[in-house]
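Enquirer: My questions all concern the structure below.
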Amino acid sequence: MNPAETPPPLAVVIRQLGHCYPGRRRQPPRKALDGLDLVIPAGRFFVLTGPNGSGKSTLFKILCGLTRPSTGSIHLLGHDLILDPQTARGGMGVVFQKPALDKHLTVEENLRIHADLHDIPPDLFRARLQAALPWSDLRDRLGERVETLSGGLARQAELVKVLLHEPALLLLDEPTAGLDPGGRLAFMATLQRLQKKRGVTILMTSHLFSEAEKADLVGILRHGKLLAMDHPTQLSQRLGAEILVIQGEGLEPVAQALSGDPGLTWQLHDHELRVQGQDLLQLMAELLKAHRERIHTLAIKQPTLEDFYIHLTGHALASDEEENR
Amino acid sequence: MIRPALSLAKRELVRFFRQPHRVVGSLAQPLLIWAFLGAGFSPSFRAPGMGELSYAEYFYPGVLLMLMLFAGIFSTITLIEDRAQGLMQGVLASPAPRMAIVLGKVIGGIAIAMIQATPLLIAAPFLGIPLGLSGVVWILFGFLVACLGFTALGFLIAWNMESTAGFHALMSIFLMPMWMLSGALFPMDHAPGWLWALMIVNPVTHALTLIRTPLYQDPTLFLATASYWTALLIAVTWAVVCLGLALWRVNRVERGVAMPDPSAS
């Protein structure tokens, strides 16, 4: 019965998921997800990222069963979420962006309600609460009202809460939003520990690359489609070993000059030109000689996940505009 | 189903007692209305329909009912807050049966209303109403049935509300007139025809019968009358319909519409 004991090999299987919000007065229907395919093997730490309006929140609402998609299928831990939401919900724990704790109640009262919602008998609740205390900082705060906790502690309480029913799949929607850097690091470390020790599959949305880099898998969502999905280092290495980043004013002629070289690819975003290719050091010297007056700073660096993200979403933006012309 | 529902109901009670101004406020309003209207009307008016009753005595079951209904309905206002904050999302993402979510709120609301209305039964002997133990039991039963439907109605309305101000506005448009036209303030018998018609279809009228009757009659007597059973049947039907609608509303999730034709975009 306990789904944590024998997790199926694939925790999340999403096929051809599409979602379109109904139109309102003077507003046409809005497409939020479009033919999305996503498979997450059990035991992985997956971070979904993407610009605002990319469909992250819609996907999250659908995964929690709060919204029915227009098309497609979803299997969570082997259960069909659309046909049998109650069973699928039993195996997952959800942390929403907004706190799902009653701030007028104590930490323990909140935890007890959660246990009751999952039909966990009182003895089992006690045992699991005791097991959860060593890894959280809530030991001495159980009797205090949630409104007196710091943001970081409240998030921990939320995590302890959703782990009470021992879910095999954790869904988290920007769980570190509103936390200070210390709280964010501590929360991420806790998640990583949970994944390693308990083999929990984690699906988390975030727009912080520092968080995404800690995951096993990163997916980039845009216009309701998955643009790329891989290990974060694999993604950043798709740009090659190095990239050249040039900042300055009126960089269009510089970009024009690069267009003749088939070995180079570049993107121009406002005051920043990013170039991938070979012999970047030599290129740097040439550009500096020819366009000194336009260039403010210039650097060669190893690409990060953020660079790949800018490459991917920036490129997609340019092609969108071409299509519209 | 039972564990989640009782847990959610208990939460309502804990929250209620942690906010003493709610306790005071919800008790004070009906008591003040009763004290002022009762004291003011009693010496001045004696309508032929009322027989030997003083107005304060006539008005008494109406005040009990008002306390029950208002306390029950307004307890569901916490639902608006629960939905605006993330709490209800968390509950909805759990495997708890949706009926447990409705019943948790409704049972909690009824319990709060009972706690407020029951002490007022102490006033009965001072009004000259001889109230025995069985009478009290039947009145509490009347409270329960009356409150069930209206608290479920409160749930249904609160679920659709974005703000507590909207909830208050809607309640003062619906609930107050329904209570006024229930026979709480004046007897039906001498009301003009159109008013009588409004009163007879008003579910609050029948809820009031369930509370007024046991104050004056022995259960063995009123259980033999068709009027009591009619009122009970209507109140129970009302409760079932309201609970059903609340359940339907909780079950209804936002749905995506058909995807636009890809060739059109």
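For the structure tokens, the naming scheme is as follows: chains receive sequential letters (A, B, ...) according to their order of presentation, residues are indexed from 1 within each chain, and ligands are indexed from 1 in presentation order.
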Could you work out which residues of chain B fall inside 12 Å of chain A? Count only C-alpha atoms, and format the result as a ChimeraX atom specification.

Expert: /B:1-19,78-79,81-98,100-101,104,250-262,265

Enquirer: Please save C-alpha atoms of the selected residues as a short mmCIF file (atom, residue, chain, number, x, y, z; two decimals), in the first residue's frame.

Expert:
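out37.cif, freshly written:
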```cif
data_model
loop_
_atom_site.label_atom_id
_atom_site.label_comp_id
_atom_site.auth_asym_id
_atom_site.auth_seq_id
_atom_site.Cartn_x
_atom_site.Cartn_y
_atom_site.Cartn_z
CA MET B 1 -14.30 10.46 5.52
CA ILE B 2 -15.05 10.86 9.26
CA ARG B 3 -11.50 11.60 10.42
CA PRO B 4 -10.86 14.40 7.90
CA ALA B 5 -14.31 15.94 8.44
CA LEU B 6 -14.04 15.98 12.24
CA SER B 7 -10.50 17.32 12.05
CA LEU B 8 -11.59 20.23 9.87
CA ALA B 9 -14.61 20.85 12.13
CA LYS B 10 -12.36 20.92 15.19
CA ARG B 11 -10.17 23.49 13.49
CA GLU B 12 -13.19 25.80 13.12
CA LEU B 13 -13.92 25.55 16.84
CA VAL B 14 -10.31 26.13 17.88
CA ARG B 15 -10.13 29.19 15.69
CA PHE B 16 -13.45 30.48 17.01
CA PHE B 17 -12.34 30.35 20.63
CA ARG B 18 -9.01 32.00 19.81
CA GLN B 19 -10.89 35.05 18.55
CA THR B 78 -13.49 31.76 7.09
CA LEU B 79 -13.69 29.80 3.84
CA GLU B 81 -9.80 33.51 3.83
CA ASP B 82 -8.86 29.82 3.51
CA ARG B 83 -9.18 30.06 -0.25
CA ALA B 84 -7.39 33.41 -0.60
CA GLN B 85 -4.48 32.09 1.42
CA GLY B 86 -3.14 28.75 0.32
CA LEU B 87 -4.81 26.64 3.00
CA MET B 88 -7.70 25.34 0.93
CA GLN B 89 -5.35 24.45 -1.95
CA GLY B 90 -3.50 22.18 0.44
CA VAL B 91 -6.73 20.54 1.56
CA LEU B 92 -7.89 20.08 -2.04
CA ALA B 93 -4.56 18.50 -3.01
CA SER B 94 -5.04 15.85 -0.30
CA PRO B 95 -6.92 12.62 -1.00
CA ALA B 96 -9.62 13.56 1.55
CA PRO B 97 -13.12 12.98 0.12
CA ARG B 98 -14.63 16.25 -1.10
CA ALA B 100 -15.44 15.64 4.11
CA ILE B 101 -14.31 19.14 3.16
CA GLY B 104 -15.93 19.70 8.09
CA VAL B 250 -16.27 21.77 -4.52
CA ASN B 251 -16.08 18.94 -7.04
CA ARG B 252 -16.18 21.29 -9.98
CA VAL B 253 -12.60 22.00 -11.03
CA GLU B 254 -11.47 24.56 -13.53
CA ARG B 255 -11.32 22.94 -16.97
CA GLY B 256 -9.39 23.78 -20.07
CA VAL B 257 -11.37 24.47 -23.24
CA ALA B 258 -10.71 22.82 -26.60
CA MET B 259 -7.32 23.71 -28.06
CA PRO B 260 -7.46 26.27 -30.87
CA ASP B 261 -6.91 24.96 -34.36
CA PRO B 262 -3.12 25.04 -34.97
CA SER B 265 -2.73 30.67 -35.50
#
```

Enquirer: Please provide as a VMD selection string all residues within 10 Å of region 179-186 of chain A, with the sequence filter that same-chain residues fewer than 2 positions apart are discarded (counting only C-alpha atoms).

Expert: chain A and resid 150 to 153 155 to 156 175 to 177 188 to 192 210 to 211

Enquirer: Need to verify the contact set: Ala235 (chain B), 8 Å, only C-alpha atoms, exclusion of same-chain residues closer than 5 positions in sequence. Can you return it as a list in words?

Expert: Val145, Ala146, Gly149, Pro203, His206 and Ala207 of chain B

Enquirer: Hey, can you spit out that residue selection with C-alpha atoms as a tab-separated table (two decimals), in the first residue's frame?

Expert:
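The new file result_1.tsv reads:
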```
chain	number	residue	atom	x	y	z
B	145	VAL	CA	-31.73	20.59	11.11
B	146	ALA	CA	-32.27	24.32	10.56
B	149	GLY	CA	-29.11	23.67	5.37
B	203	PRO	CA	-37.44	27.75	4.32
B	206	HIS	CA	-40.37	26.03	8.52
B	207	ALA	CA	-37.11	26.05	10.44
```

Enquirer: Fewer than 6 positions away in the same chain doesn't count, so skip those; otherwise give me all residues within 10 Å of Ala131 (chain A), counting only C-alpha atoms, as a list in words.

Expert: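 Result of the neighbour search: Phe125, Val160 and Leu164 of chain A.
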
Enquirer: Once you count only C-alpha atoms, what closest atom pair and distance in Å to one decimal does each residue of region 54-84 of chain B within 6 Å of region 151-156 of chain B have, with rows by chain and rising residue number, as CSV?

Expert:
```
residue,atom,partner,partner_atom,distance
B:Gly72,CA,B:Thr151,CA,5.1
B:Ile73,CA,B:Thr151,CA,4.7
B:Thr76,CA,B:Phe155,CA,5.5
```

Enquirer: Just checking: using only C-alpha atoms, which residue out of B:Lys105, B:Arg249, B:His190, B:Arg212 ends up closest to Asn160 (chain B)?

Expert: B:Arg249

Enquirer: Within 9 Å of Arg141 (chain A), counting only C-alpha atoms, which residues qualify if same-chain residues fewer than 6 places away don't, as a CSV table (one decimal) with N, CA and C atoms, in the first residue's frame?

Expert:
```
chain,number,residue,atom,x,y,z
A,106,THR,N,-1.3,26.2,16.0
A,106,THR,CA,0.1,25.9,16.3
A,106,THR,C,0.6,25.0,15.2
A,107,VAL,N,1.9,24.9,15.2
A,107,VAL,CA,2.6,24.0,14.2
A,107,VAL,C,2.0,22.6,14.3
A,108,GLU,N,1.9,22.1,15.5
A,108,GLU,CA,1.5,20.7,15.7
A,108,GLU,C,0.0,20.6,15.3
A,149,LEU,N,6.3,32.2,13.4
A,149,LEU,CA,7.5,31.6,12.8
A,149,LEU,C,8.1,32.5,11.8
```

Enquirer: Distance CA of Leu138 (chain A)-CA of Arg44 (chain A), one decimal place?

Expert: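 Rounded to one decimal, the two atoms are 26.7 Å apart.
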
Enquirer: So that I can check the secondary structure, give me every residue of region 54-201 of chain B assigned helix (DSSP H, G or I) by backbone DSSP, as a PyMOL selection string.

Expert: chain B and resi 55-75+78-84+87-92+98-126+133-159+164-184+193-201

Enquirer: Any idea what's packed within 12 Å of Asp37 (chain A), counting only C-alpha atoms, ignoring anything in its chain fewer than 3 positions away? Could you give it as a PyMOL selection string?

Expert: chain A and resi 12-18+33-34+40+59+71-75+219+221+224-229

Enquirer: How many Å lie between CA of Ile115 (chain B) and CA of Phe150 (chain B), rounded to one decimal?

Expert: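 Separating CA of Ile115 (chain B) from CA of Phe150 (chain B) is a distance of 16.6 Å.
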